[in-house]
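Printed here is run.txt (compact mmCIF, C-alpha atoms):
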```
# COMPACT_ATOMS: atom_id res chain seq x y z
CA MET M 1 25.74 170.55 192.29
CA VAL M 2 28.93 172.60 192.39
CA GLU M 3 31.43 172.08 189.61
CA ILE M 4 34.56 173.65 188.15
CA VAL M 5 33.99 175.16 184.72
CA LEU M 6 36.69 176.08 182.22
CA PRO M 7 36.85 178.99 179.78
CA GLY M 8 34.68 178.47 176.74
CA SER M 9 32.30 175.97 178.31
CA LYS M 10 28.63 176.73 178.60
CA ILE M 11 27.57 177.46 182.16
CA THR M 12 23.85 177.47 181.55
CA SER M 13 21.27 178.42 178.97
CA GLY M 14 19.88 181.68 180.18
CA ILE M 15 21.63 184.81 181.27
CA ILE M 16 23.72 185.19 184.41
CA LYS M 17 25.65 188.37 184.92
CA ALA M 18 28.89 187.78 186.76
CA ASP M 19 32.59 188.56 186.42
CA GLY M 20 34.38 186.03 184.23
CA THR M 21 31.44 185.19 182.00
CA TYR M 22 30.19 186.22 178.58
CA ILE M 23 26.84 185.91 176.88
CA GLU M 24 26.26 184.58 173.40
CA ASN M 25 22.98 183.46 171.82
CA ASP M 26 21.12 183.80 175.13
CA SER M 27 23.46 181.40 176.90
CA THR M 28 26.15 182.17 179.46
CA TYR M 29 29.69 180.92 178.93
CA ALA M 30 32.71 181.06 181.23
CA SER M 31 35.70 183.15 180.19
CA VAL M 32 37.88 182.18 183.15
CA VAL M 33 38.23 179.09 185.33
CA GLY M 34 35.53 179.24 187.99
CA ILE M 35 33.01 177.41 190.13
CA PHE M 36 29.34 177.27 189.18
CA ASP M 37 26.69 176.55 191.78
CA GLU M 38 23.70 175.20 189.87
CA GLU M 39 21.15 175.65 192.67
CA LYS M 40 22.06 179.21 193.53
CA ARG M 41 22.84 179.99 189.87
CA HIS M 42 26.00 181.66 191.04
CA PHE M 43 29.39 181.80 189.29
CA ILE M 44 32.59 182.44 191.26
CA PRO M 45 35.77 183.03 189.25
CA LEU M 46 38.83 181.19 190.56
CA GLU M 47 41.30 183.01 188.34
CA GLY M 48 41.02 186.57 187.21
CA LEU M 49 42.29 190.09 187.30
CA TRP M 50 41.22 193.25 189.05
CA TYR M 51 38.95 195.62 187.15
CA PRO M 52 39.10 199.04 188.85
CA LYS M 53 35.66 200.16 190.02
CA GLU M 54 34.57 203.32 191.75
CA GLY M 55 34.72 202.96 195.51
CA ASP M 56 37.24 200.08 195.63
CA ARG M 57 39.63 200.29 198.58
CA VAL M 58 43.15 199.57 197.36
CA VAL M 59 46.67 199.36 198.78
CA GLY M 60 49.65 200.62 196.80
CA THR M 61 53.10 202.19 196.85
CA ILE M 62 54.00 205.72 195.76
CA VAL M 63 56.37 205.44 192.79
CA THR M 64 57.09 209.06 191.92
CA ARG M 65 55.88 212.53 192.52
CA ARG M 66 55.00 214.62 189.52
CA ILE M 67 54.08 218.29 189.48
CA SER M 68 50.37 217.78 189.90
CA ALA M 69 50.05 214.16 190.94
CA TYR M 70 51.55 211.21 192.77
CA VAL M 71 51.95 208.02 190.76
CA VAL M 72 50.96 204.86 192.63
CA ASP M 73 51.91 201.27 191.83
CA LEU M 74 48.80 199.12 192.30
CA ASN M 75 50.15 195.74 191.14
CA SER M 76 47.92 196.04 188.07
CA PRO M 77 48.41 197.00 184.41
CA TYR M 78 47.15 200.46 185.26
CA LYS M 79 48.90 203.11 187.32
CA GLY M 80 47.15 204.88 190.13
CA ILE M 81 47.37 208.66 190.45
CA ILE M 82 46.57 210.99 193.32
CA MET M 83 45.92 214.57 192.26
CA THR M 84 47.77 216.88 194.63
CA LYS M 85 45.22 219.60 193.85
CA PHE M 86 42.53 217.81 195.82
CA GLU M 87 44.50 215.91 198.42
CA HIS M 88 46.57 217.72 200.97
CA SER M 89 48.47 214.87 202.57
CA ARG M 90 52.23 214.99 202.08
CA LEU M 91 53.53 211.79 200.62
CA GLU M 92 57.00 210.62 199.69
CA GLU M 93 58.37 208.18 197.18
CA GLY M 94 58.12 204.67 198.61
CA ASP M 95 55.28 205.39 201.01
CA ILE M 96 52.64 202.70 201.31
CA ILE M 97 49.10 204.05 201.11
CA GLU M 98 45.53 202.89 201.34
CA ALA M 99 43.13 204.79 199.07
CA THR M 100 39.74 204.70 197.37
CA VAL M 101 39.19 204.56 193.62
CA ARG M 102 37.38 207.66 192.44
CA GLU M 103 37.52 207.11 188.71
CA PHE M 104 39.01 204.89 186.05
CA LYS M 105 39.67 207.03 183.03
CA GLU M 106 41.93 208.01 180.18
CA PHE M 107 44.57 210.50 181.16
CA ASP M 108 47.65 211.58 179.26
CA ASP M 109 47.10 208.90 176.57
CA ALA M 110 46.90 206.08 179.10
CA MET M 111 44.25 204.51 181.28
CA VAL M 112 44.78 205.48 184.91
CA VAL M 113 43.08 204.81 188.21
CA VAL M 114 42.33 208.10 189.93
CA LEU M 115 42.57 207.65 193.69
CA THR M 116 41.21 209.75 196.48
CA ARG M 117 41.43 209.97 200.27
CA PRO M 118 44.93 208.44 200.60
CA LYS M 119 45.94 207.27 204.03
CA ARG M 120 49.59 206.66 204.69
CA LEU M 121 50.42 203.31 206.27
CA PHE M 122 53.54 203.40 208.43
CA GLY M 123 55.95 200.46 208.33
CA GLY M 124 54.67 196.98 207.73
CA VAL M 125 55.14 194.67 204.78
CA LEU M 126 53.26 194.11 201.53
CA LEU M 127 52.05 190.81 200.14
CA ASN M 128 50.49 190.28 196.71
CA ILE M 129 47.71 187.76 196.21
CA LYS M 130 45.38 187.03 193.30
CA PRO M 131 42.62 189.66 193.22
CA THR M 132 39.93 186.98 192.79
CA LYS M 133 40.88 185.50 196.17
CA VAL M 134 40.38 188.75 198.07
CA PRO M 135 36.70 188.10 199.01
CA ARG M 136 37.74 184.71 200.42
CA VAL M 137 40.57 186.25 202.49
CA ILE M 138 38.13 188.76 203.96
CA GLY M 139 35.40 186.16 204.44
CA LYS M 140 31.66 186.57 204.89
CA GLY M 141 31.14 189.56 207.17
CA ASN M 142 34.91 189.79 207.77
CA THR M 143 34.94 186.43 209.60
CA MET M 144 38.13 185.15 208.02
CA ILE M 145 40.19 188.30 208.40
CA ASP M 146 39.00 188.90 211.98
CA GLN M 147 40.00 185.38 212.87
CA ILE M 148 43.52 185.89 211.52
CA THR M 149 43.85 189.28 213.21
CA GLN M 150 42.82 187.85 216.56
CA ALA M 151 45.11 184.84 216.40
CA THR M 152 48.21 186.66 215.18
CA LYS M 153 47.70 190.14 216.69
CA CYS M 154 48.66 191.50 213.31
CA SER M 155 47.03 194.52 211.70
CA ILE M 156 45.97 193.58 208.19
CA ILE M 157 44.55 195.70 205.39
CA VAL M 158 43.43 193.89 202.26
CA GLY M 159 43.22 195.96 199.07
CA LEU M 160 40.79 194.85 196.39
CA ASN M 161 43.67 195.04 193.92
CA GLY M 162 45.23 192.03 195.65
CA THR M 163 47.83 193.86 197.73
CA VAL M 164 47.79 193.07 201.43
CA TRP M 165 49.48 195.20 204.11
CA LEU M 166 50.57 193.52 207.33
CA LYS M 167 52.09 195.00 210.45
CA GLY M 168 52.98 193.84 213.93
CA GLY M 169 52.22 190.54 215.66
CA ASP M 170 53.09 187.24 214.07
CA ILE M 171 53.50 188.33 210.45
CA ASN M 172 54.89 184.99 209.31
CA LEU M 173 51.85 183.09 210.54
CA ALA M 174 49.43 185.63 209.06
CA THR M 175 51.24 185.44 205.72
CA GLU M 176 51.09 181.68 205.80
CA ALA M 177 47.36 181.76 206.56
CA ILE M 178 46.65 184.19 203.72
CA LYS M 179 48.74 182.15 201.27
CA THR M 180 46.85 179.00 202.29
CA ILE M 181 43.54 180.73 201.68
CA GLU M 182 44.76 181.87 198.28
CA LEU M 183 45.70 178.33 197.30
CA GLN M 184 42.57 176.67 198.66
CA ALA M 185 39.95 179.33 197.93
CA HIS M 186 37.74 176.78 196.15
CA VAL M 187 37.62 174.38 199.12
CA SER M 188 34.55 174.51 201.36
CA GLY M 189 34.85 174.78 205.14
CA LEU M 190 38.00 176.85 204.82
CA THR M 191 37.27 179.08 207.82
CA ASP M 192 37.44 176.08 210.18
CA LYS M 193 40.54 174.76 208.48
CA ILE M 194 42.33 178.07 208.93
CA LYS M 195 41.11 178.23 212.53
CA ASN M 196 42.73 174.87 213.25
CA MET M 197 45.89 175.90 211.52
CA LEU M 198 46.13 179.14 213.51
CA GLU M 199 45.47 177.36 216.80
CA LYS M 200 48.06 174.71 216.12
CA LYS M 201 50.82 177.03 215.01
CA GLY M 202 49.95 180.03 217.14
CA LYS M 203 51.41 178.56 220.33
CA MET B 1 67.38 162.83 148.49
CA GLN B 2 65.96 159.37 148.90
CA LYS B 3 62.53 159.43 150.50
CA PRO B 4 62.33 157.03 153.45
CA GLU B 5 59.51 154.54 153.67
CA LEU B 6 56.99 155.93 156.13
CA ILE B 7 54.55 153.02 156.28
CA LYS B 8 55.57 149.46 157.13
CA ASP B 9 53.07 146.59 157.41
CA GLY B 10 50.12 148.98 157.56
CA LYS B 11 51.56 150.85 160.54
CA ARG B 12 53.56 154.03 160.86
CA LEU B 13 57.26 154.02 161.66
CA ASP B 14 56.74 154.48 165.39
CA GLY B 15 54.12 151.71 165.42
CA ARG B 16 51.11 153.99 165.63
CA ASP B 17 47.86 153.65 163.74
CA PHE B 18 46.95 156.36 161.27
CA GLU B 19 44.50 157.91 163.67
CA GLU B 20 46.54 157.54 166.83
CA LEU B 21 48.03 160.47 168.74
CA ARG B 22 51.36 160.37 170.48
CA PRO B 23 51.10 160.33 174.31
CA LEU B 24 50.07 163.77 175.53
CA LYS B 25 50.71 165.18 178.99
CA ILE B 26 50.06 168.74 180.17
CA VAL B 27 50.74 170.41 183.52
CA ALA B 28 49.26 173.83 184.29
CA GLY B 29 50.70 176.60 186.42
CA ILE B 30 54.31 175.53 186.80
CA ILE B 31 55.99 178.93 186.43
CA LYS B 32 55.12 180.86 189.57
CA ASN B 33 56.29 184.28 188.35
CA ALA B 34 54.08 184.17 185.27
CA THR B 35 50.42 185.17 185.25
CA GLY B 36 49.73 181.78 183.71
CA SER B 37 51.83 178.90 182.46
CA ALA B 38 51.79 175.36 181.16
CA TYR B 39 54.23 172.57 180.37
CA LEU B 40 53.41 170.09 177.65
CA GLU B 41 54.88 166.81 176.50
CA TRP B 42 53.50 165.46 173.27
CA GLY B 43 55.48 162.46 172.13
CA ASN B 44 59.03 163.77 172.04
CA ASN B 45 57.95 167.40 171.92
CA LYS B 46 58.57 169.31 175.12
CA VAL B 47 57.09 172.78 175.31
CA LEU B 48 56.89 175.50 177.96
CA ALA B 49 54.30 178.24 177.58
CA ALA B 50 53.98 181.31 179.79
CA VAL B 51 51.61 184.27 179.75
CA TYR B 52 52.36 187.66 181.28
CA GLY B 53 50.05 190.64 181.56
CA PRO B 54 48.02 192.63 180.93
CA LYS B 55 50.71 195.23 181.50
CA GLU B 56 51.84 198.61 180.28
CA VAL B 57 52.68 198.65 176.55
CA LEU B 58 56.33 199.14 175.63
CA PRO B 59 57.18 200.93 173.38
CA LYS B 60 54.34 203.26 174.19
CA HIS B 61 53.32 204.15 170.63
CA LEU B 62 52.12 200.58 170.00
CA ALA B 63 49.35 200.98 172.56
CA ASP B 64 45.77 200.77 171.32
CA PRO B 65 43.40 202.94 173.40
CA GLU B 66 40.48 200.63 172.58
CA LYS B 67 41.91 197.22 173.31
CA ALA B 68 44.89 195.22 174.49
CA ILE B 69 47.57 194.11 172.07
CA VAL B 70 48.99 190.60 171.99
CA LYS B 71 52.68 189.87 171.61
CA CYS B 72 53.76 186.35 170.93
CA ARG B 73 57.20 184.84 170.88
CA TYR B 74 57.72 181.31 169.62
CA ALA B 75 61.30 180.17 170.04
CA MET B 76 63.22 176.96 169.86
CA ALA B 77 65.91 176.34 172.44
CA PRO B 78 69.40 175.86 170.97
CA PHE B 79 69.41 172.28 172.21
CA SER B 80 65.89 171.49 171.04
CA SER B 81 66.14 170.05 167.61
CA LEU B 82 67.01 166.85 165.91
CA GLU B 83 69.36 167.59 163.03
CA GLU B 84 68.09 170.54 161.04
CA HIS B 85 64.45 170.71 161.91
CA GLY B 86 64.27 174.37 162.79
CA ARG B 87 67.22 176.11 164.33
CA ALA B 88 67.39 178.27 167.42
CA GLY B 89 67.34 182.03 167.30
CA PRO B 90 65.11 184.51 165.54
CA ASN B 91 64.70 183.37 161.96
CA ARG B 92 62.10 183.38 159.22
CA ARG B 93 60.39 180.26 160.51
CA ALA B 94 60.13 181.42 164.14
CA THR B 95 58.85 184.83 163.07
CA GLU B 96 56.13 183.24 160.95
CA ILE B 97 55.01 180.87 163.70
CA SER B 98 54.96 183.72 166.23
CA LYS B 99 52.71 185.67 163.91
CA VAL B 100 50.19 182.91 163.22
CA THR B 101 50.08 181.97 166.90
CA LYS B 102 49.46 185.57 167.84
CA GLU B 103 46.52 185.69 165.45
CA VAL B 104 45.01 182.56 167.00
CA PHE B 105 44.95 184.22 170.41
CA GLU B 106 43.89 187.66 169.21
CA ASN B 107 40.65 186.01 168.16
CA LEU B 108 40.05 184.44 171.57
CA ILE B 109 41.22 186.87 174.25
CA MET B 110 38.68 189.51 175.26
CA LEU B 111 41.02 192.30 174.33
CA GLU B 112 38.42 195.06 174.70
CA LYS B 113 38.45 194.55 178.48
CA PHE B 114 42.00 195.85 178.83
CA PRO B 115 42.48 199.01 176.79
CA SER B 116 46.05 200.25 176.23
CA THR B 117 47.77 197.20 177.68
CA GLU B 118 49.73 194.33 176.28
CA ILE B 119 49.53 190.59 176.86
CA ASP B 120 52.69 188.57 176.26
CA ILE B 121 52.64 184.93 175.25
CA PHE B 122 55.92 183.03 175.29
CA ILE B 123 56.28 179.60 173.75
CA GLU B 124 59.60 177.89 174.24
CA ILE B 125 60.31 174.62 172.48
CA LEU B 126 62.67 172.61 174.69
CA GLN B 127 62.70 169.50 172.54
CA SER B 128 61.23 169.23 169.09
CA ASP B 129 59.92 166.28 167.12
CA GLY B 130 57.47 167.63 164.57
CA GLY B 131 54.28 169.56 165.08
CA THR B 132 55.76 172.09 167.48
CA ARG B 133 53.53 174.98 166.43
CA SER B 134 50.48 172.85 167.24
CA ALA B 135 52.02 171.77 170.52
CA GLY B 136 52.81 175.42 171.29
CA ILE B 137 49.25 176.59 170.68
CA THR B 138 47.79 173.72 172.72
CA ALA B 139 50.11 174.60 175.63
CA ALA B 140 49.54 178.35 175.37
CA GLY B 141 45.77 177.78 175.48
CA VAL B 142 46.16 176.08 178.85
CA ALA B 143 48.55 178.80 180.05
CA LEU B 144 45.99 181.47 179.19
CA ALA B 145 43.19 179.66 180.99
CA ASP B 146 45.52 179.34 183.97
CA SER B 147 46.27 183.07 183.91
CA GLY B 148 42.73 184.31 184.47
CA ILE B 149 42.81 186.56 181.42
CA PRO B 150 39.27 186.27 180.02
CA ILE B 151 39.15 184.16 176.84
CA ARG B 152 36.23 182.96 174.77
CA ASP B 153 37.57 179.44 174.47
CA ILE B 154 40.63 177.23 174.97
CA PRO B 155 42.02 176.37 171.52
CA PHE B 156 43.77 173.15 170.59
CA ALA B 157 45.94 172.42 167.58
CA VAL B 158 47.21 169.35 165.81
CA ALA B 159 49.19 168.66 162.64
CA GLY B 160 48.70 165.79 160.24
CA GLY B 161 48.29 165.17 156.55
CA LYS B 162 48.86 162.69 153.79
CA ILE B 163 51.45 159.93 153.51
CA GLY B 164 51.26 158.29 150.09
CA ASP B 165 47.54 157.69 149.66
CA LYS B 166 46.80 157.46 153.38
CA LEU B 167 45.74 160.20 155.75
CA ALA B 168 47.41 160.36 159.15
CA ILE B 169 47.24 162.58 162.22
CA ASP B 170 49.86 163.99 164.57
CA PHE B 171 53.00 163.78 162.42
CA ASN B 172 56.36 163.30 164.03
CA LYS B 173 59.48 164.87 162.59
CA ILE B 174 60.27 162.34 159.89
CA GLU B 175 56.66 162.19 158.69
CA ASP B 176 56.53 165.97 158.75
CA ASN B 177 59.60 166.19 156.48
CA TYR B 178 58.72 163.52 153.92
CA SER B 179 54.92 163.49 153.83
CA ASP B 180 52.93 164.44 150.73
CA ALA B 181 50.87 167.00 152.58
CA ASP B 182 51.27 168.51 156.04
CA ILE B 183 48.41 170.50 157.56
CA PRO B 184 48.61 172.13 161.00
CA ILE B 185 45.19 173.22 162.17
CA ALA B 186 44.05 175.10 165.29
CA ILE B 187 40.42 174.91 166.35
CA SER B 188 38.29 176.55 169.00
CA PRO B 189 36.07 173.61 169.97
CA ASN B 190 33.22 175.46 171.66
CA LEU B 191 33.00 178.27 169.13
CA ASP B 192 33.45 175.70 166.35
CA ARG B 193 35.89 177.90 164.46
CA VAL B 194 39.15 177.24 162.68
CA LEU B 195 41.77 179.68 163.90
CA LEU B 196 44.82 178.49 162.00
CA LEU B 197 45.17 176.44 158.87
CA GLN B 198 48.38 176.02 156.94
CA MET B 199 49.36 173.51 154.30
CA ASP B 200 52.51 172.14 152.73
CA GLY B 201 52.08 169.84 149.74
CA LYS B 202 48.99 168.78 147.86
CA MET B 203 45.68 167.23 148.77
CA THR B 204 42.34 166.79 147.01
CA LYS B 205 39.15 168.41 148.25
CA GLU B 206 37.70 165.06 149.22
CA GLU B 207 40.83 164.10 151.16
CA PHE B 208 40.77 167.40 152.97
CA SER B 209 37.24 166.90 154.22
CA ARG B 210 38.18 163.40 155.37
CA TYR B 211 41.17 164.96 157.15
CA LEU B 212 38.89 167.43 158.94
CA ASP B 213 36.69 164.56 160.14
CA MET B 214 39.79 162.82 161.42
CA VAL B 215 40.83 165.93 163.35
CA GLU B 216 37.39 166.08 164.90
CA ARG B 217 37.61 162.47 166.05
CA VAL B 218 40.99 162.90 167.77
CA SER B 219 40.14 166.33 169.20
CA LYS B 220 38.42 164.82 172.25
CA GLN B 221 41.69 163.38 173.51
CA ILE B 222 43.53 166.69 173.21
CA ILE B 223 40.71 168.65 174.85
CA SER B 224 40.47 166.24 177.74
CA ALA B 225 44.24 166.44 178.32
CA GLN B 226 43.91 170.24 178.50
CA LYS B 227 40.94 170.01 180.88
CA ASN B 228 42.66 167.52 183.15
CA ALA B 229 45.72 169.77 183.38
CA LEU B 230 43.60 172.65 184.65
CA LEU B 231 41.42 170.57 186.99
CA GLU B 232 44.46 168.79 188.41
CA LYS B 233 45.76 172.12 189.69
CA TYR B 234 42.76 172.49 191.98
CA LYS B 235 42.80 168.87 193.08
CA VAL B 236 46.38 169.13 194.32
CA ASN B 237 45.61 172.21 196.36
CA GLY B 238 42.34 170.92 197.75
```
Structure encoded using structure tokens:
Amino acid sequence: MVEIVLPGSKITSGIIKADGTYIENDSTYASVVGIFDEEKRHFIPLEGLWYPKEGDRVVGTIVTRRISAYVVDLNSPYKGIIMTKFEHSRLEEGDIIEATVREFKEFDDAMVVVLTRPKRLFGGVLLNIKPTKVPRVIGKGNTMIDQITQATKCSIIVGLNGTVWLKGGDINLATEAIKTIELQAHVSGLTDKIKNMLEKKGK
Amino acid sequence: MQKPELIKDGKRLDGRDFEELRPLKIVAGIIKNATGSAYLEWGNNKVLAAVYGPKEVLPKHLADPEKAIVKCRYAMAPFSSLEEHGRAGPNRRATEISKVTKEVFENLIMLEKFPSTEIDIFIEILQSDGGTRSAGITAAGVALADSGIPIRDIPFAVAGGKIGDKLAIDFNKIEDNYSDADIPIAISPNLDRVLLLQMDGKMTKEEFSRYLDMVERVSKQIISAQKNALLEKYKVNG
């Protein structure tokens, strides 16, 4: 039985550790809107925000260059920084980069996301989606994203922070596909639905 | 000023029973730019609620390195009111309601998850007909659930009180102005906690406990309207 649960409602007695839940008196409650699969005892949040974790691949834009660091906009309440001491790539204001989260820590009286191994992405456009929908856009074993890449000949990089970079090929169709996935992330059989959509509109 | 008669032939002025709510309709997620939003119509009340954040705190010195801070703005639109029931613009009344609403949500949002950020809640009263602070909290609860900001529960609120020797729920503007006691109350149904309780006028202890029972009986309707608003959003897209 799969059902939509709302914040504050009891998911199950017993403890399940998942994003978007909290535990009180040995029972698990939802803190965001999500789907609970009773058989698999699995909770998937439908709404939610990105919590920076070590190793997350993200996409962002360079906002400014300070003396010792680049400041990166990550479409999140927290700013990303790249320490110039450790990274030797030359970046400019406005550059789009892909990078890995090294740390999430307090710095200069604010919480910042310390990024490492930045890779500059040339050209292309950015698209913001809800961070909770990112796993669905990528699909199990990259099936969804591969399918879109093949049909539209578009290079796509999906950051876990919800920023998507697209370049080349049929960008409009790829954008439409990603937006559809974002809206219908809770619907089952989405991979086939997107496949049909891409085939129909790709010609 | 002459007090109008609020009860005629055992019914209220608008023909409702004492324990009958005005028609309630909520739509979730109607402001696309906001992190979460809701539109509510409760009788003649029309309310928009929007939630933004978490985002960087401005001005910076307000930031709390251990948790997020909540900012709340309750405002009535200049065209919202009937006669003199609350005027537009920042005034004593709006400031008070903003404060009590903020405290309702500070107790529900998991603030510790977002250190040194702020969460903004905006409640805009487009048309007012009594009980707007309750309507605002009910709408903002849905807006928060829609936003994905983790909360412990979705609160609801309702205002009622005493007319003569009768208790009644969900006051409209005229009942609000001339009743003997007016009590807005906000409750977190799953946590079973009262988050806001204010009172104008007088009421005995026994009447108050009967009033609480009455609130509990009507609460199901408000909660189900909130639930439907959120579930509807996924039905439309699916």
* **Non-local contacts of range 73-77 of chain B (7 Å; all atoms listed in the file; under 6 positions in same chain excluded) as a count of residues only** => 12
What are the nearest atom pairs, with distances in Å to one decimal, for all residues of chain B that come at most 7 Å from chain M, using all atoms listed in the file, set out by chain and rising residue number as a Markdown table?
```
| residue | atom | partner | partner_atom | distance |
| --- | --- | --- | --- | --- |
| B:Pro54 | CA | M:Pro77 | CA | 5.6 |
| B:Lys55 | CA | M:Pro77 | CA | 4.1 |
| B:Glu56 | CA | M:Pro77 | CA | 5.6 |
| B:Ser116 | CA | M:Ala110 | CA | 6.6 |
| B:Thr117 | CA | M:Pro77 | CA | 6.8 |
| B:Ala145 | CA | M:Val32 | CA | 6.3 |
| B:Ser147 | CA | M:Glu47 | CA | 6.7 |
| B:Gly148 | CA | M:Gly48 | CA | 3.9 |
| B:Ile149 | CA | M:Gly48 | CA | 6.1 |
| B:Pro150 | CA | M:Ser31 | CA | 4.7 |
| B:Ile151 | CA | M:Ser31 | CA | 4.9 |
| B:Arg152 | CA | M:Gly8 | CA | 5.1 |
| B:Asp153 | CA | M:Gly8 | CA | 3.8 |
| B:Ile154 | CA | M:Gly8 | CA | 6.3 |
| B:Asn190 | CA | M:Gly8 | CA | 6.1 |
| B:Asn237 | CA | M:Gln184 | CA | 5.9 |
| B:Gly238 | CA | M:Gln184 | CA | 5.8 |
```
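Note that CA of Thr191 in chain M and CA of Lys133 in chain M are 13.8 Å apart.
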* Tell me, as JSON, numbers by chain, which residues lie within 8 Å of Asn45 in chain B, counting only C-alpha atoms; anything in the same chain fewer than 3 positions away does not count. => {"B": [40, 41, 42, 125, 126, 127, 128, 129, 130, 132, 135]}
Take the selection from the previous step and output its residues with C-alpha atoms, as a CSV table (one decimal), keeping the file's coordinate frame.
```
chain,number,residue,atom,x,y,z
B,40,LEU,CA,53.4,170.1,177.6
B,41,GLU,CA,54.9,166.8,176.5
B,42,TRP,CA,53.5,165.5,173.3
B,125,ILE,CA,60.3,174.6,172.5
B,126,LEU,CA,62.7,172.6,174.7
B,127,GLN,CA,62.7,169.5,172.5
B,128,SER,CA,61.2,169.2,169.1
B,129,ASP,CA,59.9,166.3,167.1
B,130,GLY,CA,57.5,167.6,164.6
B,132,THR,CA,55.8,172.1,167.5
B,135,ALA,CA,52.0,171.8,170.5
```
* Structure fact -> Of M:Phe86, M:Phe107, M:Trp165, M:Trp50, the one sitting nearest Lys113 in chain B when using only C-alpha atoms is M:Trp50
* Structure fact -> Counting only C-alpha atoms, the residue among M:Lys17, M:Lys195, M:Lys85, M:Lys201 that lies closest to Phe43 in chain M is M:Lys17
* Using only C-alpha atoms, which of the listed residues (B:Gly131, B:Glu112, B:Tyr39, B:Pro59) sits closest to Ile174 in chain B? -> B:Gly131
* Asked: Looking at M:Gly159, M:Gly60, M:Gly168, M:Pro52, which one is nearest to Ile96 in chain M, with distances taken over only C-alpha atoms?
  ->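 Once distances to Ile96 in chain M are computed over only C-alpha atoms, the minimum belongs to M:Gly60.
Excluding Val164 in chain M and any residue on its chain fewer than 4 positions from it, the residues at most 8 Å away by only C-alpha atoms are Val59, Leu126, Leu127, Asn128, Ile129, Ile156, Ile157, Val158 and Gly159 of chain M.
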* To do: Measure the distance from CA of Val218 in chain B to CA of Ala50 in chain B in Å and round it to one decimal.
  => 25.5 Å
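Taking CA of Arg120 in chain M as the reference point, CA of Thr61 in chain M is found at 9.7 Å.
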* Asked: So which one's closest to Ser179 in chain B, B:Ile7, B:Ile26, B:Val100, B:Val194? Using only C-alpha atoms, please.
  -> B:Ile7
* **Top pick for closest residue to Arg133 in chain B, considering B:Val47, B:Ser80, B:Tyr211, B:Leu111 and counting only C-alpha atoms** => B:Val47
* With a distance cut-off of 10 Å and all atoms listed in the file, select the neighbouring residues of range 220-223 of chain B, excluding the residue or stretch itself and same-chain residues fewer than 2 positions from it, and output the selection as a ChimeraX atom specification. => /B:21,23-26,138,154-158,189,215-218,225-229
* To do: Extract, using only C-alpha atoms, all DNA, RNA and protein residues at most 7 Å from Leu115 in chain M, discarding same-chain residues fewer than 3 positions from it, and format them as number ranges by chain.
  => M: 80-82, 99-102
